[in-house]
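Have a look at work_18.cif; it's mmCIF, C-alpha atoms:
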```cif
data_model
#
loop_
_atom_site.label_atom_id
_atom_site.label_comp_id
_atom_site.auth_asym_id
_atom_site.auth_seq_id
_atom_site.Cartn_x
_atom_site.Cartn_y
_atom_site.Cartn_z
CA MET P 993 -6.25 -64.19 -51.15
CA ASP P 994 -8.96 -66.77 -51.46
CA LEU P 995 -12.07 -66.53 -53.59
CA VAL P 996 -14.27 -65.12 -50.83
CA THR P 997 -11.88 -62.23 -50.21
CA VAL P 998 -11.63 -61.41 -53.91
CA LEU P 999 -15.41 -61.47 -54.23
CA PHE P 1000 -15.76 -59.29 -51.15
CA TRP P 1001 -13.45 -56.62 -52.54
CA ILE P 1002 -15.11 -56.60 -55.96
CA ILE P 1003 -18.61 -56.33 -54.47
CA ALA P 1004 -17.56 -53.78 -51.86
CA ILE P 1005 -15.91 -51.50 -54.42
CA ILE P 1006 -18.96 -51.62 -56.72
CA LEU P 1007 -21.21 -51.06 -53.68
CA VAL P 1008 -19.42 -47.94 -52.45
CA GLY P 1009 -19.01 -46.68 -56.02
CA SER P 1010 -22.71 -46.97 -56.77
CA ALA P 1011 -23.53 -45.30 -53.45
CA LEU P 1012 -21.31 -42.39 -54.49
CA LEU P 1013 -23.08 -42.32 -57.86
CA VAL P 1014 -26.46 -42.14 -56.11
CA VAL P 1015 -25.49 -38.99 -54.24
CA SER P 1016 -23.50 -37.38 -57.08
CA MET P 1017 -25.46 -37.89 -60.32
CA ARG P 1018 -27.01 -34.79 -61.90
CA ASN P 1019 -30.05 -36.64 -63.25
CA ILE P 1020 -32.14 -38.22 -60.54
CA VAL P 1021 -33.32 -41.11 -62.72
CA HIS P 1022 -29.66 -42.13 -63.07
CA SER P 1023 -29.41 -41.93 -59.29
CA ALA P 1024 -32.36 -44.31 -58.99
CA LEU P 1025 -30.72 -46.78 -61.40
CA ALA P 1026 -27.48 -46.62 -59.38
CA LEU P 1027 -29.65 -47.34 -56.33
CA VAL P 1028 -30.83 -50.58 -57.98
CA MET P 1029 -27.16 -51.54 -58.49
CA LEU P 1030 -26.47 -50.77 -54.82
CA PHE P 1031 -29.32 -53.02 -53.67
CA ALA P 1032 -28.13 -55.91 -55.86
CA MET P 1033 -24.55 -55.59 -54.61
CA ALA P 1034 -25.75 -55.50 -51.00
CA ALA P 1035 -27.50 -58.81 -51.72
CA GLY P 1036 -24.10 -60.14 -52.84
CA ILE P 1037 -22.59 -59.08 -49.51
CA TYR P 1038 -25.37 -60.93 -47.69
CA LEU P 1039 -24.64 -64.07 -49.72
CA LEU P 1040 -20.99 -63.88 -48.66
CA LEU P 1041 -22.18 -63.79 -45.05
CA ASN P 1042 -24.28 -67.00 -45.36
CA ALA P 1043 -27.56 -65.07 -45.23
CA GLU P 1044 -29.24 -66.54 -48.28
CA PHE P 1045 -32.78 -65.74 -47.21
CA ILE P 1046 -32.01 -62.06 -46.62
CA ALA P 1047 -30.22 -61.88 -49.97
CA ILE P 1048 -33.34 -63.17 -51.72
CA VAL P 1049 -35.57 -60.82 -49.74
CA GLN P 1050 -33.23 -57.95 -50.59
CA ILE P 1051 -33.55 -58.66 -54.31
CA LEU P 1052 -37.32 -59.07 -54.11
CA ILE P 1053 -38.21 -56.14 -51.87
CA TYR P 1054 -35.47 -53.59 -52.48
CA ALA P 1055 -34.32 -54.16 -56.05
CA GLY P 1056 -37.86 -55.09 -57.06
CA ALA P 1057 -40.47 -53.22 -55.09
CA VAL P 1058 -38.77 -50.19 -53.55
CA ALA P 1059 -36.78 -49.33 -56.69
CA ILE P 1060 -39.90 -49.52 -58.87
CA LEU P 1061 -41.78 -47.43 -56.31
CA VAL P 1062 -39.03 -44.79 -56.37
CA LEU P 1063 -39.01 -44.76 -60.18
CA PHE P 1064 -42.80 -44.38 -60.29
CA ALA P 1065 -42.61 -41.48 -57.83
CA LEU P 1066 -39.92 -39.86 -59.99
CA MET P 1067 -42.02 -40.17 -63.11
CA LEU P 1068 -45.07 -38.73 -61.32
CA THR P 1069 -43.21 -35.70 -59.98
CA ARG P 1070 -41.35 -34.18 -62.91
CA THR P 1071 -40.83 -30.46 -62.44
CA ASP P 1072 -39.67 -27.79 -64.85
CA SER P 1073 -37.49 -25.99 -62.35
CA LEU P 1074 -35.40 -29.10 -61.86
CA SER P 1075 -35.20 -30.13 -65.50
CA THR P 1076 -31.54 -29.30 -66.19
CA ASN P 1077 -30.26 -30.52 -62.84
CA SER P 1078 -32.92 -32.75 -61.37
CA ASN P 1079 -30.88 -33.76 -58.33
CA PRO P 1080 -29.45 -30.53 -56.90
CA ASN P 1081 -27.64 -29.95 -53.65
CA ASN P 1082 -28.90 -27.40 -51.18
CA LYS P 1083 -26.91 -24.46 -49.89
CA GLN P 1084 -25.57 -26.31 -46.84
CA TRP P 1085 -24.09 -29.21 -48.77
CA TRP P 1086 -20.58 -28.49 -47.51
CA LEU P 1087 -21.86 -28.67 -43.91
CA ALA P 1088 -23.56 -31.97 -44.75
CA ALA P 1089 -20.28 -33.25 -46.22
CA ILE P 1090 -18.38 -32.29 -43.05
CA ILE P 1091 -20.98 -33.85 -40.76
CA SER P 1092 -21.24 -37.10 -42.67
CA THR P 1093 -17.45 -37.41 -42.92
CA LEU P 1094 -17.16 -36.89 -39.17
CA VAL P 1095 -19.89 -39.45 -38.44
CA GLY P 1096 -18.29 -42.01 -40.78
CA ALA P 1097 -14.83 -41.40 -39.31
CA ALA P 1098 -16.24 -41.80 -35.79
CA ILE P 1099 -17.90 -45.11 -36.66
CA ILE P 1100 -14.76 -46.44 -38.38
CA PHE P 1101 -12.62 -45.34 -35.43
CA ALA P 1102 -14.98 -46.99 -32.96
CA ALA P 1103 -15.06 -50.20 -34.98
CA THR P 1104 -11.35 -50.57 -35.67
CA PHE P 1105 -9.02 -48.50 -33.50
CA SER P 1106 -10.75 -47.66 -30.24
CA GLN P 1107 -10.48 -49.68 -27.06
CA TYR P 1108 -13.98 -51.06 -27.60
CA SER P 1109 -13.17 -52.37 -31.06
CA THR P 1110 -13.72 -55.97 -32.06
CA ALA P 1111 -10.13 -56.60 -33.09
CA HIS P 1112 -10.35 -60.23 -32.00
CA GLY P 1113 -13.87 -60.83 -33.23
CA GLY P 1114 -12.86 -62.31 -36.54
CA SER P 1115 -12.55 -65.88 -35.37
CA GLY P 1116 -16.09 -66.68 -34.39
CA ALA P 1117 -18.49 -68.41 -36.69
CA GLY P 1118 -16.55 -67.00 -39.59
CA TYR P 1119 -14.92 -68.62 -42.57
CA GLY P 1120 -13.03 -71.83 -41.94
CA SER P 1121 -14.14 -72.16 -38.36
CA SER P 1122 -16.51 -74.76 -37.04
CA ALA P 1123 -17.31 -73.08 -33.75
CA CYS P 1124 -20.94 -72.59 -34.75
CA HIS P 1125 -22.74 -75.02 -37.00
CA LEU P 1126 -25.36 -73.25 -39.01
CA PRO P 1127 -28.06 -75.50 -40.40
CA PRO P 1128 -27.52 -76.23 -44.09
CA ASN P 1129 -30.74 -74.51 -45.08
CA ASN P 1130 -30.85 -70.92 -43.94
CA VAL P 1131 -34.44 -70.40 -45.13
CA VAL P 1132 -35.82 -73.30 -43.11
CA TYR P 1133 -34.01 -72.15 -39.99
CA ILE P 1134 -35.24 -68.56 -40.27
CA GLY P 1135 -38.76 -69.85 -40.87
CA GLN P 1136 -38.57 -71.94 -37.70
CA LEU P 1137 -37.24 -68.96 -35.76
CA LEU P 1138 -40.00 -66.67 -37.03
CA TYR P 1139 -43.03 -68.92 -36.82
CA SER P 1140 -42.47 -71.71 -34.32
CA PRO P 1141 -44.73 -71.09 -31.31
CA THR P 1142 -43.00 -73.57 -29.02
CA CYS P 1143 -39.27 -72.92 -28.91
CA TYR P 1144 -37.29 -69.67 -28.92
CA SER P 1145 -39.00 -67.71 -31.63
CA TYR P 1146 -40.05 -64.30 -32.85
CA VAL P 1147 -43.80 -64.82 -33.30
CA LEU P 1148 -44.90 -61.67 -31.47
CA PRO P 1149 -42.50 -59.28 -33.30
CA PHE P 1150 -43.57 -60.95 -36.54
CA GLU P 1151 -47.23 -60.21 -35.81
CA ILE P 1152 -46.37 -56.62 -34.88
CA ALA P 1153 -44.45 -56.27 -38.16
CA SER P 1154 -47.50 -57.47 -40.08
CA LEU P 1155 -49.58 -54.86 -38.23
CA VAL P 1156 -47.02 -52.21 -39.24
CA LEU P 1157 -47.36 -53.29 -42.85
CA LEU P 1158 -51.16 -53.14 -42.67
CA VAL P 1159 -51.08 -49.63 -41.21
CA ALA P 1160 -48.56 -48.58 -43.88
CA ILE P 1161 -50.79 -49.92 -46.68
CA VAL P 1162 -53.87 -48.13 -45.36
CA GLY P 1163 -51.88 -44.96 -44.68
CA ALA P 1164 -50.32 -44.90 -48.14
CA ILE P 1165 -53.74 -45.33 -49.78
CA VAL P 1166 -55.35 -42.64 -47.64
CA ILE P 1167 -52.52 -40.15 -48.12
CA GLY P 1168 -52.01 -40.81 -51.79
CA ARG P 1169 -55.55 -40.92 -53.14
CA GLU P 1170 -57.15 -38.16 -55.17
CA GLU P 1171 -59.64 -35.94 -53.41
CA MET H 502 -5.43 -62.63 -45.38
CA GLY H 503 -8.99 -63.54 -44.66
CA LEU H 504 -12.00 -61.45 -44.08
CA SER H 505 -12.75 -60.27 -40.60
CA LEU H 506 -15.64 -58.47 -38.95
CA ASN H 507 -13.84 -55.15 -39.38
CA HIS H 508 -14.11 -55.35 -43.17
CA PHE H 509 -17.88 -55.44 -42.95
CA LEU H 510 -18.06 -52.81 -40.21
CA VAL H 511 -15.96 -50.37 -42.25
CA LEU H 512 -18.05 -51.10 -45.34
CA GLY H 513 -21.22 -50.40 -43.35
CA ALA H 514 -19.74 -47.18 -41.98
CA LEU H 515 -18.77 -45.95 -45.46
CA LEU H 516 -22.23 -46.68 -46.82
CA PHE H 517 -23.83 -45.01 -43.80
CA CYS H 518 -21.89 -41.76 -44.16
CA ILE H 519 -22.55 -41.62 -47.93
CA GLY H 520 -26.26 -42.11 -47.26
CA LEU H 521 -26.17 -39.48 -44.52
CA TYR H 522 -24.62 -37.01 -46.95
CA GLY H 523 -27.35 -37.81 -49.49
CA ALA H 524 -30.08 -37.34 -46.90
CA LEU H 525 -28.66 -34.04 -45.63
CA ALA H 526 -27.47 -32.34 -48.80
CA LYS H 527 -30.20 -32.99 -51.36
CA ARG H 528 -33.09 -30.73 -52.30
CA ASN H 529 -35.26 -33.27 -54.07
CA ALA H 530 -37.40 -35.13 -51.53
CA ILE H 531 -37.04 -38.44 -53.39
CA ALA H 532 -33.24 -38.08 -53.30
CA ILE H 533 -33.48 -37.67 -49.52
CA LEU H 534 -35.51 -40.88 -49.40
CA MET H 535 -32.82 -42.65 -51.44
CA GLY H 536 -30.20 -41.51 -48.91
CA ILE H 537 -32.29 -42.96 -46.10
CA GLU H 538 -32.55 -46.28 -47.98
CA ILE H 539 -28.74 -46.35 -48.33
CA MET H 540 -28.40 -45.81 -44.58
CA LEU H 541 -30.84 -48.66 -43.82
CA ASN H 542 -28.84 -50.96 -46.11
CA ALA H 543 -25.63 -49.97 -44.30
CA VAL H 544 -27.22 -50.97 -41.00
CA ASN H 545 -28.30 -54.29 -42.53
CA VAL H 546 -24.74 -55.00 -43.72
CA THR H 547 -23.45 -54.28 -40.21
CA LEU H 548 -26.08 -56.45 -38.50
CA ILE H 549 -25.57 -59.44 -40.79
CA GLY H 550 -21.81 -59.09 -40.35
CA PHE H 551 -22.27 -59.24 -36.58
CA SER H 552 -24.56 -62.24 -37.01
CA PHE H 553 -21.95 -64.09 -39.08
CA PHE H 554 -18.93 -63.36 -36.89
CA ASN H 555 -20.78 -63.82 -33.62
CA THR H 556 -19.12 -65.79 -30.84
CA VAL H 557 -21.74 -65.38 -28.13
CA LYS H 558 -23.55 -68.69 -28.03
CA PRO H 559 -27.32 -68.05 -27.77
CA TYR H 560 -27.30 -65.16 -30.22
CA SER H 561 -25.24 -66.97 -32.83
CA THR H 562 -27.45 -70.06 -32.74
CA TYR H 563 -30.61 -68.00 -32.99
CA LEU H 564 -29.36 -65.78 -35.86
CA THR H 565 -30.38 -62.61 -34.03
CA GLY H 566 -28.68 -60.27 -36.49
CA GLN H 567 -30.45 -61.77 -39.48
CA ILE H 568 -33.85 -61.60 -37.75
CA PHE H 569 -33.17 -57.93 -36.95
CA ALA H 570 -32.30 -57.34 -40.60
CA ILE H 571 -35.61 -58.88 -41.70
CA PHE H 572 -37.55 -56.52 -39.45
CA ILE H 573 -35.49 -53.56 -40.68
CA ILE H 574 -36.36 -54.50 -44.28
CA THR H 575 -40.05 -54.70 -43.33
CA VAL H 576 -40.07 -51.29 -41.68
CA ALA H 577 -38.04 -49.80 -44.55
CA ALA H 578 -40.57 -51.01 -47.12
CA ALA H 579 -43.45 -49.54 -45.09
CA GLU H 580 -41.53 -46.28 -44.68
CA ALA H 581 -40.78 -46.02 -48.40
CA ALA H 582 -44.45 -46.59 -49.31
CA VAL H 583 -45.78 -43.98 -46.88
CA ALA H 584 -43.06 -41.44 -47.70
CA LEU H 585 -43.59 -41.71 -51.46
CA ALA H 586 -47.36 -41.37 -50.99
CA MET H 587 -46.72 -38.20 -48.97
CA ILE H 588 -44.36 -36.84 -51.64
CA ILE H 589 -46.89 -37.44 -54.41
CA SER H 590 -49.66 -35.87 -52.32
CA ILE H 591 -47.50 -32.80 -51.68
CA TYR H 592 -46.67 -32.63 -55.39
CA ARG H 593 -50.36 -32.57 -56.26
CA LYS H 594 -51.02 -29.61 -53.97
CA ARG H 595 -47.81 -27.59 -54.37
CA SER H 596 -46.40 -28.77 -57.76
CA THR H 597 -42.93 -29.15 -56.27
CA VAL H 598 -40.80 -31.77 -54.57
CA ASP H 599 -38.11 -29.30 -53.50
CA VAL H 600 -37.90 -29.50 -49.72
CA GLY H 601 -36.73 -25.90 -49.59
CA GLU H 602 -40.06 -24.74 -50.99
CA ILE H 603 -42.24 -27.00 -48.83
CA ASN H 604 -42.52 -24.57 -45.93
CA LEU H 605 -46.13 -24.83 -44.80
CA MET H 606 -45.14 -26.12 -41.35
CA LYS H 607 -42.02 -23.98 -41.03
CA TRP H 608 -42.07 -21.54 -38.13
#
```
Using the file provided, produce a representation of the structure as structure tokens.
Amino acid sequence: MDLVTVLFWIIAIILVGSALLVVSMRNIVHSALALVMLFAMAAGIYLLLNAEFIAIVQILIYAGAVAILVLFALMLTRTDSLSTNSNPNNKQWWLAAIISTLVGAAIIFAATFSQYSTAHGGSGAGYGSSACHLPPNNVVYIGQLLYSPTCYSYVLPFEIASLVLLVAIVGAIVIGREE
Amino acid sequence: MGLSLNHFLVLGALLFCIGLYGALAKRNAIAILMGIEIMLNAVNVTLIGFSFFNTVKPYSTYLTGQIFAIFIITVAAAEAAVALAMIISIYRKRSTVDVGEINLMKW
């Protein structure tokens, strides 16, 4: 086992473990802190996959902004009825467990064992193969892909995404303000 | 033994079903939102794994999976902001975040 594989298993085990903690903790603030751990470990997975820019964005937006937003919402919505067990399950939790297990088993079956699986897909631009030369600087390349108006680029989806963000800002202010 | 695409696909599937359980089985609205965030992260892991192990030429040179992941992160941030504003607004009017008690639009 080389270093990348060892790192992958460590990060993956912590990732799945913190995801289980998020859905199983009795106190919802502890769930939110486990969620921060999950976001940081997902950034580690992105680093293993040569996606440095997305790892940085993951730390900034998820582990920074979204986690703080969730914690603020938790602090603003404390209720007495949920004080002993602030993260309860509903009455159909067993049905939810069955459904999510079936969905996960179906995805794993489709990805690994079915006839449409990518059993030979591991030799592409992966580790130790020079079939695809990525530029040395992932951030520069993604910036060129997002902004460059001349070559193959994503300028129009980028503008639409900025419009989505503007609408979300205005909507959050309008919905959340005091009357 | 090296890593293959299947490692990342199975990891994404595990995260997705855990997040689906959290979104379906919780009563606190913020816990449901956390489950949805876990599912979005599972999709990002899967997309970046596809981007890294891609063999199809135009998509691997243009990093399509990573660009998709950036847009998913954008939409997820917008969704979290609007959803938390809605939860706080509901809490002001009803003094609860239990989705079993928020039944104003229930038939």
Translate the PyMOL selection byres ((chain P) within 7 of (chain H)), as applied to the file shown, into an explicit residue set as a ChimeraX atom specification. /P:993,997,1008,1011-1012,1015,1041,1046,1058,1065,1069,1071,1079-1082,1084-1085,1088-1089,1092-1093,1095-1096,1099-1100,1103-1104,1113-1114,1116-1118,1153,1157,1160,1163-1164,1167-1168
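For the set P:Leu1087, P:Ile1037, P:Leu1137, P:Ile1060, the residue with the smallest atom-to-atom gap to Phe1150 in chain P is P:Leu1137, counting all atoms listed in the file.
When the PyMOL selection byres ((chain P and resi 1138) around 9) is run on the displayed coordinates, the residues it returns are Tyr1133, Ile1134, Gly1135, Gln1136, Leu1137, Tyr1139, Ser1140, Pro1141, Ser1145, Tyr1146, Val1147, Leu1148, Pro1149 and Phe1150 of chain P; Ile568 of chain H.
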In Å to one decimal, how far is CA of Ser1078 in chain P from CA of Met1017 in chain P? 9.1 Å
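Going from CA of Ala1024 in chain P over to CA of Val996 in chain P, you cover 28.8 Å.
With all atoms listed in the file as the atoms that count, the minimum distance from Tyr1038 in chain P to the choices P:Phe1105, P:Trp1086, P:Tyr1054, P:Phe1000 is reached by P:Phe1000.
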Between CA of Ile1005 in chain P and CA of Asn1042 in chain P, what distance in Å does the model show, to one decimal? 19.8 Å
Measuring atom to atom with all atoms listed in the file, identify which of P:Leu1094, P:Val1021, P:Ser1016, P:Val1166 is nearest to Phe1064 in chain P.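 Result for the nearest residue to Phe1064 in chain P: P:Val1021.
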Given the choices P:Leu999, P:Val1131, P:Ala1026, P:Ile1090, which gets closest to Ile1048 in chain P if the distance is worked out from all atoms listed in the file?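 Ranking P:Leu999, P:Val1131, P:Ala1026, P:Ile1090 by distance to Ile1048 in chain P, first place goes to P:Val1131.
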Fix up range 580-604 of chain H with N, CA and C atoms, then write it as an mmCIF file, keeping the file's coordinate frame.
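This went into rebuild.cif:
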```
data_model
loop_
_atom_site.group_PDB
_atom_site.id
_atom_site.type_symbol
_atom_site.label_atom_id
_atom_site.label_comp_id
_atom_site.auth_asym_id
_atom_site.auth_seq_id
_atom_site.Cartn_x
_atom_site.Cartn_y
_atom_site.Cartn_z
ATOM 1 N N GLU H 580 -41.924 -47.692 -44.692
ATOM 2 C CA GLU H 580 -41.530 -46.280 -44.680
ATOM 3 C C GLU H 580 -41.433 -45.727 -46.088
ATOM 4 N N ALA H 581 -40.896 -46.513 -47.023
ATOM 5 C CA ALA H 581 -40.780 -46.020 -48.400
ATOM 6 C C ALA H 581 -42.161 -45.804 -49.003
ATOM 7 N N ALA H 582 -43.107 -46.741 -48.739
ATOM 8 C CA ALA H 582 -44.450 -46.590 -49.310
ATOM 9 C C ALA H 582 -45.134 -45.344 -48.791
ATOM 10 N N VAL H 583 -45.093 -45.136 -47.462
ATOM 11 C CA VAL H 583 -45.780 -43.980 -46.880
ATOM 12 C C VAL H 583 -45.102 -42.683 -47.317
ATOM 13 N N ALA H 584 -43.759 -42.668 -47.344
ATOM 14 C CA ALA H 584 -43.060 -41.440 -47.700
ATOM 15 C C ALA H 584 -43.315 -41.060 -49.148
ATOM 16 N N LEU H 585 -43.336 -42.041 -50.062
ATOM 17 C CA LEU H 585 -43.590 -41.710 -51.460
ATOM 18 C C LEU H 585 -45.033 -41.259 -51.664
ATOM 19 N N ALA H 586 -45.971 -41.849 -50.907
ATOM 20 C CA ALA H 586 -47.360 -41.370 -50.990
ATOM 21 C C ALA H 586 -47.454 -39.928 -50.525
ATOM 22 N N MET H 587 -46.716 -39.575 -49.454
ATOM 23 C CA MET H 587 -46.720 -38.200 -48.970
ATOM 24 C C MET H 587 -46.103 -37.265 -50.005
ATOM 25 N N ILE H 588 -45.005 -37.704 -50.651
ATOM 26 C CA ILE H 588 -44.360 -36.840 -51.640
ATOM 27 C C ILE H 588 -45.288 -36.583 -52.821
ATOM 28 N N ILE H 589 -45.989 -37.628 -53.278
ATOM 29 C CA ILE H 589 -46.890 -37.440 -54.410
ATOM 30 C C ILE H 589 -48.071 -36.557 -54.021
ATOM 31 N N SER H 590 -48.566 -36.723 -52.780
ATOM 32 C CA SER H 590 -49.660 -35.870 -52.320
ATOM 33 C C SER H 590 -49.233 -34.406 -52.239
ATOM 34 N N ILE H 591 -48.012 -34.172 -51.731
ATOM 35 C CA ILE H 591 -47.500 -32.800 -51.680
ATOM 36 C C ILE H 591 -47.329 -32.238 -53.091
ATOM 37 N N TYR H 592 -46.861 -33.091 -54.011
ATOM 38 C CA TYR H 592 -46.670 -32.630 -55.390
ATOM 39 C C TYR H 592 -47.987 -32.234 -56.025
ATOM 40 N N ARG H 593 -49.075 -32.948 -55.690
ATOM 41 C CA ARG H 593 -50.360 -32.570 -56.260
ATOM 42 C C ARG H 593 -50.817 -31.201 -55.787
ATOM 43 N N LYS H 594 -50.537 -30.893 -54.506
ATOM 44 C CA LYS H 594 -51.020 -29.610 -53.970
ATOM 45 C C LYS H 594 -50.080 -28.468 -54.286
ATOM 46 N N ARG H 595 -48.764 -28.691 -54.263
ATOM 47 C CA ARG H 595 -47.810 -27.590 -54.370
ATOM 48 C C ARG H 595 -47.043 -27.578 -55.682
ATOM 49 N N SER H 596 -47.128 -28.638 -56.495
ATOM 50 C CA SER H 596 -46.400 -28.770 -57.760
ATOM 51 C C SER H 596 -44.889 -28.657 -57.583
ATOM 52 N N THR H 597 -44.374 -29.147 -56.461
ATOM 53 C CA THR H 597 -42.930 -29.150 -56.270
ATOM 54 C C THR H 597 -42.555 -30.307 -55.342
ATOM 55 N N VAL H 598 -41.334 -30.794 -55.515
ATOM 56 C CA VAL H 598 -40.800 -31.770 -54.570
ATOM 57 C C VAL H 598 -39.528 -31.230 -53.926
ATOM 58 N N ASP H 599 -39.272 -29.925 -54.103
ATOM 59 C CA ASP H 599 -38.110 -29.300 -53.500
ATOM 60 C C ASP H 599 -38.392 -29.041 -52.024
ATOM 61 N N VAL H 600 -37.596 -29.639 -51.147
ATOM 62 C CA VAL H 600 -37.900 -29.500 -49.720
ATOM 63 C C VAL H 600 -37.619 -28.096 -49.215
ATOM 64 N N GLY H 601 -36.901 -27.278 -49.993
ATOM 65 C CA GLY H 601 -36.730 -25.900 -49.590
ATOM 66 C C GLY H 601 -37.971 -25.061 -49.798
ATOM 67 N N GLU H 602 -38.835 -25.499 -50.716
ATOM 68 C CA GLU H 602 -40.060 -24.740 -50.990
ATOM 69 C C GLU H 602 -41.261 -25.276 -50.234
ATOM 70 N N ILE H 603 -41.131 -26.455 -49.625
ATOM 71 C CA ILE H 603 -42.240 -27.000 -48.830
ATOM 72 C C ILE H 603 -42.100 -26.432 -47.433
ATOM 73 N N ASN H 604 -42.750 -25.279 -47.193
ATOM 74 C CA ASN H 604 -42.520 -24.570 -45.930
ATOM 75 C C ASN H 604 -43.817 -24.273 -45.210
#
```
